[in-house]
$ cat input.cif   # mmCIF, C-alpha atoms and all ligand atoms
data_structure
loop_
_atom_site.label_atom_id
_atom_site.label_comp_id
_atom_site.auth_asym_id
_atom_site.auth_seq_id
_atom_site.Cartn_x
_atom_site.Cartn_y
_atom_site.Cartn_z
CA MET O 1 25.32 14.68 61.24
CA ALA O 2 24.04 11.11 60.99
CA GLN O 3 26.99 8.85 60.31
CA GLY O 4 25.48 5.37 60.74
CA PRO O 5 24.91 3.90 57.27
CA PRO O 6 28.27 4.55 55.54
CA ARG O 7 30.23 3.31 58.49
CA ARG O 8 28.19 0.09 58.78
CA THR O 9 28.75 -0.70 55.10
CA ARG O 10 32.45 -0.46 55.59
CA LEU O 11 32.50 -2.74 58.62
CA ASN O 12 30.33 -5.35 56.92
CA ARG O 13 32.70 -5.73 53.99
CA PRO O 14 34.03 -9.30 54.05
CA ALA O 15 37.66 -9.85 54.86
CA THR O 16 38.74 -10.95 51.39
CA PHE O 17 42.35 -11.88 52.03
CA PRO O 18 41.92 -14.92 54.30
CA VAL O 19 39.01 -16.25 52.22
CA VAL O 20 40.97 -16.10 48.96
CA GLY O 21 43.87 -17.88 50.62
CA GLU O 22 41.70 -20.76 51.80
CA LEU O 23 40.04 -21.16 48.42
CA SER O 24 43.23 -21.26 46.43
CA VAL O 25 44.73 -23.92 48.70
CA GLY O 26 41.58 -26.05 48.54
CA LEU O 27 41.25 -25.95 44.78
CA SER O 28 44.84 -26.35 43.73
CA VAL O 29 45.92 -29.09 46.12
CA ALA O 30 42.86 -31.08 47.17
CA GLU O 31 41.30 -31.50 43.73
CA LEU O 32 44.25 -32.36 41.51
CA VAL O 33 43.29 -35.23 39.21
CA VAL O 34 45.51 -36.73 36.51
CA VAL O 35 43.77 -38.13 33.42
CA SER O 36 45.69 -40.10 30.80
CA PHE O 37 44.16 -40.93 27.43
CA ASP O 38 45.05 -43.68 25.00
CA ILE O 39 44.46 -42.63 21.36
CA ASP O 40 43.59 -45.51 19.00
CA GLY O 41 40.23 -47.05 19.81
CA THR O 42 39.77 -44.45 22.57
CA MET O 43 39.74 -40.92 21.15
CA GLU O 44 37.46 -39.89 18.30
CA PHE O 45 40.56 -38.90 16.30
CA GLY O 46 42.26 -42.27 16.86
CA ASP O 47 42.74 -45.05 14.29
CA PRO O 48 40.32 -46.69 14.71
CA PRO O 49 38.21 -43.88 16.21
CA GLY O 50 36.97 -44.34 19.78
CA PRO O 51 34.03 -42.90 21.71
CA VAL O 52 35.82 -40.06 23.53
CA PRO O 53 35.40 -36.66 21.85
CA ALA O 54 38.33 -34.23 21.90
CA ALA O 55 35.87 -31.78 23.49
CA VAL O 56 35.77 -33.96 26.61
CA ALA O 57 39.54 -33.71 27.01
CA ARG O 58 39.37 -29.95 26.44
CA GLU O 59 36.64 -29.67 29.09
CA LEU O 60 38.74 -31.58 31.62
CA VAL O 61 41.68 -29.25 30.92
CA ALA O 62 39.35 -26.28 31.46
CA ARG O 63 38.31 -27.78 34.81
CA GLY O 64 41.91 -27.90 35.94
CA TYR O 65 42.63 -31.58 35.41
CA VAL O 66 46.12 -32.65 34.42
CA VAL O 67 45.42 -34.20 31.00
CA GLY O 68 47.97 -36.15 28.99
CA VAL O 69 48.57 -39.01 26.61
CA ALA O 70 49.76 -42.57 27.08
CA SER O 71 49.41 -44.39 23.77
CA ASP O 72 51.34 -46.52 21.30
CA TRP O 73 52.08 -43.56 19.06
CA PRO O 74 55.65 -42.25 18.83
CA ARG O 75 56.07 -39.36 21.28
CA SER O 76 56.96 -36.98 18.45
CA GLN O 77 53.59 -37.54 16.78
CA GLN O 78 51.36 -37.51 19.87
CA GLN O 79 51.81 -33.84 20.77
CA PRO O 80 51.05 -32.40 17.28
CA LEU O 81 48.04 -34.69 16.99
CA TRP O 82 46.54 -33.37 20.23
CA SER O 83 47.49 -29.79 19.40
CA ARG O 84 45.39 -30.02 16.26
CA HIS O 85 42.44 -30.72 18.53
CA GLY O 86 43.14 -27.79 20.82
CA ILE O 87 44.82 -29.71 23.64
CA GLU O 88 48.35 -29.26 24.94
CA PRO O 89 49.00 -32.51 26.83
CA ARG O 90 50.80 -32.10 30.16
CA PHE O 91 52.59 -35.41 29.60
CA VAL O 92 53.23 -37.60 26.56
CA GLY O 93 54.49 -41.16 26.58
CA GLY O 94 53.81 -44.83 26.18
CA LYS O 95 51.43 -46.72 28.43
CA HIS O 96 54.43 -48.30 30.14
CA HIS O 97 55.48 -44.79 31.26
CA LEU O 98 52.40 -44.22 33.43
CA HIS O 99 54.37 -44.82 36.63
CA GLU O 100 56.61 -41.89 35.61
CA VAL O 101 53.51 -39.74 35.22
CA LYS O 102 52.46 -40.58 38.74
CA ALA O 103 55.93 -39.68 40.01
CA ALA O 104 55.79 -36.37 38.15
CA PHE O 105 52.49 -35.39 39.81
CA PRO O 106 52.88 -36.86 43.31
CA ASP O 107 50.25 -34.61 44.91
CA ALA O 108 47.28 -35.67 42.79
CA THR O 109 44.30 -37.22 44.57
CA ARG O 110 43.34 -39.47 41.64
CA TYR O 111 45.08 -41.00 38.63
CA ILE O 112 42.92 -42.22 35.76
CA HIS O 113 43.85 -43.91 32.49
CA VAL O 114 41.24 -44.18 29.74
CA GLY O 115 41.87 -46.87 27.13
CA ASP O 116 40.40 -49.71 25.11
CA THR O 117 42.61 -52.79 25.61
CA ASP O 118 43.94 -55.25 28.18
CA VAL O 119 47.36 -53.69 27.65
CA ASP O 120 45.95 -50.34 28.79
CA GLU O 121 44.48 -51.99 31.86
CA HIS O 122 47.68 -53.88 32.63
CA TYR O 123 49.91 -50.80 32.68
CA ALA O 124 47.29 -48.60 34.35
CA VAL O 125 46.84 -51.00 37.27
CA LEU O 126 50.59 -51.60 37.48
CA ALA O 127 51.19 -47.85 37.86
CA GLY O 128 48.40 -47.41 40.41
CA PHE O 129 45.95 -45.72 38.04
CA GLU O 130 42.21 -46.30 37.96
CA PHE O 131 41.35 -47.82 34.57
CA LEU O 132 38.35 -46.76 32.53
CA ARG O 133 37.69 -49.09 29.59
CA VAL O 134 35.92 -47.17 26.84
CA ASP O 135 33.64 -50.14 26.04
CA ASP O 136 32.20 -49.79 29.55
CA LEU O 137 31.50 -46.07 29.30
CA GLU O 138 27.98 -44.75 28.95
CA LEU O 139 27.45 -43.02 25.59
CA PRO O 140 27.80 -40.30 24.65
CA VAL O 141 30.97 -39.80 26.67
CA VAL O 142 30.92 -36.46 28.47
CA ALA O 143 33.29 -34.86 30.96
CA GLU O 144 31.27 -36.21 33.89
CA THR O 145 31.83 -39.75 32.62
CA ILE O 146 35.53 -39.33 33.33
CA ASP O 147 35.03 -36.88 36.19
CA ASP O 148 33.14 -39.21 38.48
CA PRO O 149 33.15 -42.85 37.37
CA VAL O 150 31.87 -43.99 40.79
CA ASP O 151 28.72 -41.99 40.24
CA ARG O 152 28.38 -43.40 36.74
CA ALA O 153 28.48 -47.02 37.94
MG MG M 201 44.05 -48.18 22.04
#
$ encode --input "input.cif" --output "structure tokens"
Amino acid sequence: MAQGPPRRTRLNRPATFPVVGELSVGLSVAELVVVSFDIDGTMEFGDPPGPVPAAVARELVARGYVVGVASDWPRSQQQPLWSRHGIEPRFVGGKHHLHEVKAAFPDATRYIHVGDTDVDEHYAVLAGFEFLRVDDLELPVVAETIDDPVDRA
């Protein structure tokens, strides 16, 4: 009638409920990062093409980043363009709408705009976004280039 082993196994089972709760709070709130991409001169499918592959944007989406577009293209054309590259942007607008993006995602810890011109920088800084100029990015551009620009520099 030895009853030791089965009982011990049961008691050693981790309490899953509290752990799951902590994790979900930490990931969803603490790590929210908003990334805005210009198109022309920035994305590989822009006109002219830029150094950022669509795969990098898809990777950021997969990592839980809020990825969207702020370019000079008409709103109606931006969404279909990104859809063709497998990305459903969470926001679409002009660069001068970046402050609205920040208001729409008030809980994010970082706001990043990736672009190629002084106009991009102007509106990014005005809206309180970090600005990543594509000419300054190490090539080839990978998700980590956008993910942690402090590390890159
Ligand atoms: Mg551009």
$ closest_atom_pairs --input "input.cif" --of "range 99-134 of chain O" --to "range 33-56 of chain O" --cutoff "7 Å" --atoms "only C-alpha atoms" --output "tab-separated table"
residue	atom	partner	partner_atom	distance
O:Ala108	CA	O:Val33	CA	5.4
O:Thr109	CA	O:Val33	CA	5.8
O:Arg110	CA	O:Val33	CA	4.9
O:Tyr111	CA	O:Val34	CA	4.8
O:Ile112	CA	O:Val35	CA	4.8
O:His113	CA	O:Ser36	CA	4.6
O:Val114	CA	O:Phe37	CA	4.9
O:Gly115	CA	O:Asp38	CA	5.0
O:Asp116	CA	O:Thr42	CA	5.9
O:Val134	CA	O:Thr42	CA	6.4
$ closest_residue --input "input.cif" --among "O:Leu98, O:Val141, O:Ala124, O:Val119" --to "ligand MG 201 (chain M)" --atoms "only C-alpha atoms and all ligand atoms"
O:Val119
$ atom_distance --input "input.cif" --atom1 "CA of Ala57 in chain O" --atom2 "CA of Ile87 in chain O"
7.4 Å
$ atom_distance --input "input.cif" --atom1 "CA of His122 in chain O" --atom2 "CA of Gly94 in chain O"
12.7 Å
$ closest_residue --input "input.cif" --among "O:Phe91, O:Gln77, O:Ser71, O:Leu139" --to "ligand MG 201 (chain M)" --atoms "all atoms listed in the file"
O:Ser71
$ closest_residue --input "input.cif" --among "O:Glu59, O:Asp147, O:Tyr123, O:Asp136" --to "His96 in chain O" --atoms "all atoms listed in the file"
O:Tyr123
$ closest_residue --input "input.cif" --among "O:Asp118, O:Glu130, O:Glu88, O:Asp148" --to "Val66 in chain O" --atoms "all atoms listed in the file"
O:Glu88
$ closest_residue --input "input.cif" --among "O:Arg90, O:Arg84, O:Arg58, O:Lys95" --to "Val125 in chain O" --atoms "all atoms listed in the file"
O:Lys95
$ closest_residue --input "input.cif" --among "O:Trp73, O:Phe105, O:Phe131, O:Trp82" --to "ligand MG 201 (chain M)" --atoms "all atoms listed in the file"
O:Trp73
$ atom_distance --input "input.cif" --atom1 "CA of Phe129 in chain O" --atom2 "CA of Asp72 in chain O"
17.6 Å
$ residues_around --input "input.cif" --residues "Pro74 in chain O" --least-positions-apart "5" --cutoff "10 Å" --atoms "all atoms listed in the file" --output "PyMOL selection string"
chain O and resi 79+92-94
$ decode --input "input.cif" --residues "range 72-112 of chain O" --atoms "N, CA and C atoms" --output "mmCIF file, in the first residue's frame"
data_model
loop_
_atom_site.group_PDB
_atom_site.id
_atom_site.type_symbol
_atom_site.label_atom_id
_atom_site.label_comp_id
_atom_site.auth_asym_id
_atom_site.auth_seq_id
_atom_site.Cartn_x
_atom_site.Cartn_y
_atom_site.Cartn_z
ATOM 1 N N ASP O 72 2.655 58.979 -48.329
ATOM 2 C CA ASP O 72 2.007 59.989 -49.147
ATOM 3 C C ASP O 72 0.949 59.386 -50.065
ATOM 4 N N TRP O 73 0.811 58.067 -50.032
ATOM 5 C CA TRP O 73 -0.177 57.422 -50.886
ATOM 6 C C TRP O 73 -1.589 57.717 -50.371
ATOM 7 N N PRO O 74 -2.556 57.781 -51.330
ATOM 8 C CA PRO O 74 -3.956 57.911 -50.894
ATOM 9 C C PRO O 74 -4.319 56.723 -49.995
ATOM 10 N N ARG O 75 -5.093 56.985 -48.947
ATOM 11 C CA ARG O 75 -5.462 55.925 -48.009
ATOM 12 C C ARG O 75 -6.041 54.712 -48.723
ATOM 13 N N SER O 76 -6.868 54.968 -49.743
ATOM 14 C CA SER O 76 -7.565 53.868 -50.418
ATOM 15 C C SER O 76 -6.604 52.914 -51.113
ATOM 16 N N GLN O 77 -5.406 53.417 -51.467
ATOM 17 C CA GLN O 77 -4.450 52.551 -52.170
ATOM 18 C C GLN O 77 -3.436 51.903 -51.229
ATOM 19 N N GLN O 78 -3.279 52.457 -50.021
ATOM 20 C CA GLN O 78 -2.259 51.922 -49.116
ATOM 21 C C GLN O 78 -2.608 50.516 -48.633
ATOM 22 N N GLN O 79 -3.863 50.344 -48.206
ATOM 23 C CA GLN O 79 -4.270 49.053 -47.642
ATOM 24 C C GLN O 79 -4.129 47.905 -48.651
ATOM 25 N N PRO O 80 -4.684 48.039 -49.888
ATOM 26 C CA PRO O 80 -4.533 46.946 -50.861
ATOM 27 C C PRO O 80 -3.080 46.649 -51.181
ATOM 28 N N LEU O 81 -2.257 47.695 -51.229
ATOM 29 C CA LEU O 81 -0.835 47.504 -51.521
ATOM 30 C C LEU O 81 -0.189 46.605 -50.463
ATOM 31 N N TRP O 82 -0.465 46.902 -49.192
ATOM 32 C CA TRP O 82 0.133 46.111 -48.111
ATOM 33 C C TRP O 82 -0.465 44.712 -48.063
ATOM 34 N N SER O 83 -1.753 44.617 -48.360
ATOM 35 C CA SER O 83 -2.411 43.304 -48.361
ATOM 36 C C SER O 83 -1.750 42.369 -49.357
ATOM 37 N N ARG O 84 -1.365 42.922 -50.497
ATOM 38 C CA ARG O 84 -0.697 42.085 -51.504
ATOM 39 C C ARG O 84 0.598 41.494 -50.976
ATOM 40 N N HIS O 85 1.167 42.143 -49.952
ATOM 41 C CA HIS O 85 2.415 41.646 -49.376
ATOM 42 C C HIS O 85 2.179 40.942 -48.042
ATOM 43 N N GLY O 86 0.937 40.558 -47.810
ATOM 44 C CA GLY O 86 0.627 39.729 -46.649
ATOM 45 C C GLY O 86 0.538 40.476 -45.332
ATOM 46 N N ILE O 87 0.299 41.787 -45.392
ATOM 47 C CA ILE O 87 0.237 42.585 -44.170
ATOM 48 C C ILE O 87 -1.088 43.342 -44.126
ATOM 49 N N GLU O 88 -1.792 43.218 -43.012
ATOM 50 C CA GLU O 88 -2.993 44.019 -42.797
ATOM 51 C C GLU O 88 -2.623 45.134 -41.833
ATOM 52 N N PRO O 89 -2.372 46.341 -42.346
ATOM 53 C CA PRO O 89 -1.930 47.430 -41.460
ATOM 54 C C PRO O 89 -2.992 47.774 -40.418
ATOM 55 N N ARG O 90 -2.538 48.036 -39.190
ATOM 56 C CA ARG O 90 -3.458 48.379 -38.093
ATOM 57 C C ARG O 90 -3.897 49.834 -38.180
ATOM 58 N N PHE O 91 -3.141 50.636 -38.930
ATOM 59 C CA PHE O 91 -3.565 52.019 -39.176
ATOM 60 C C PHE O 91 -3.025 52.432 -40.537
ATOM 61 N N VAL O 92 -3.752 53.334 -41.198
ATOM 62 C CA VAL O 92 -3.360 53.810 -42.522
ATOM 63 C C VAL O 92 -3.624 55.301 -42.577
ATOM 64 N N GLY O 93 -2.614 56.067 -42.983
ATOM 65 C CA GLY O 93 -2.839 57.507 -43.073
ATOM 66 C C GLY O 93 -1.637 58.220 -43.648
ATOM 67 N N GLY O 94 -1.714 59.537 -43.633
ATOM 68 C CA GLY O 94 -0.581 60.346 -44.062
ATOM 69 C C GLY O 94 0.377 60.517 -42.901
ATOM 70 N N LYS O 95 1.575 60.986 -43.202
ATOM 71 C CA LYS O 95 2.571 61.197 -42.146
ATOM 72 C C LYS O 95 2.067 62.199 -41.115
ATOM 73 N N HIS O 96 1.274 63.187 -41.596
ATOM 74 C CA HIS O 96 0.772 64.218 -40.704
ATOM 75 C C HIS O 96 -0.350 63.686 -39.796
ATOM 76 N N HIS O 97 -0.674 62.395 -39.917
ATOM 77 C CA HIS O 97 -1.682 61.794 -39.035
ATOM 78 C C HIS O 97 -1.047 60.981 -37.907
ATOM 79 N N LEU O 98 0.273 61.028 -37.801
ATOM 80 C CA LEU O 98 0.945 60.176 -36.803
ATOM 81 C C LEU O 98 0.488 60.481 -35.372
ATOM 82 N N HIS O 99 0.178 61.745 -35.097
ATOM 83 C CA HIS O 99 -0.276 62.062 -33.736
ATOM 84 C C HIS O 99 -1.602 61.363 -33.427
ATOM 85 N N GLU O 100 -2.421 61.130 -34.467
ATOM 86 C CA GLU O 100 -3.680 60.403 -34.267
ATOM 87 C C GLU O 100 -3.403 58.930 -33.966
ATOM 88 N N VAL O 101 -2.342 58.416 -34.572
ATOM 89 C CA VAL O 101 -1.962 57.022 -34.321
ATOM 90 C C VAL O 101 -1.566 56.863 -32.859
ATOM 91 N N LYS O 102 -0.802 57.821 -32.375
ATOM 92 C CA LYS O 102 -0.373 57.763 -30.976
ATOM 93 C C LYS O 102 -1.583 57.824 -30.044
ATOM 94 N N ALA O 103 -2.544 58.655 -30.392
ATOM 95 C CA ALA O 103 -3.755 58.768 -29.573
ATOM 96 C C ALA O 103 -4.574 57.482 -29.609
ATOM 97 N N ALA O 104 -4.504 56.780 -30.737
ATOM 98 C CA ALA O 104 -5.292 55.548 -30.885
ATOM 99 C C ALA O 104 -4.678 54.378 -30.115
ATOM 100 N N PHE O 105 -3.380 54.459 -29.853
ATOM 101 C CA PHE O 105 -2.696 53.397 -29.098
ATOM 102 C C PHE O 105 -1.957 54.024 -27.919
ATOM 103 N N PRO O 106 -2.719 54.554 -26.959
ATOM 104 C CA PRO O 106 -2.096 55.345 -25.877
ATOM 105 C C PRO O 106 -1.245 54.527 -24.905
ATOM 106 N N ASP O 107 -1.393 53.206 -24.920
ATOM 107 C CA ASP O 107 -0.684 52.385 -23.943
ATOM 108 C C ASP O 107 0.636 51.819 -24.450
ATOM 109 N N ALA O 108 1.024 52.169 -25.665
ATOM 110 C CA ALA O 108 2.273 51.630 -26.210
ATOM 111 C C ALA O 108 3.466 52.196 -25.452
ATOM 112 N N THR O 109 4.547 51.411 -25.407
ATOM 113 C CA THR O 109 5.759 51.851 -24.717
ATOM 114 C C THR O 109 6.703 52.575 -25.675
ATOM 115 N N ARG O 110 6.578 52.271 -26.985
ATOM 116 C CA ARG O 110 7.416 52.950 -27.966
ATOM 117 C C ARG O 110 6.609 53.229 -29.226
ATOM 118 N N TYR O 111 6.954 54.324 -29.894
ATOM 119 C CA TYR O 111 6.345 54.684 -31.174
ATOM 120 C C TYR O 111 7.484 54.955 -32.141
ATOM 121 N N ILE O 112 7.491 54.234 -33.265
ATOM 122 C CA ILE O 112 8.603 54.338 -34.208
ATOM 123 C C ILE O 112 8.060 54.605 -35.600
#
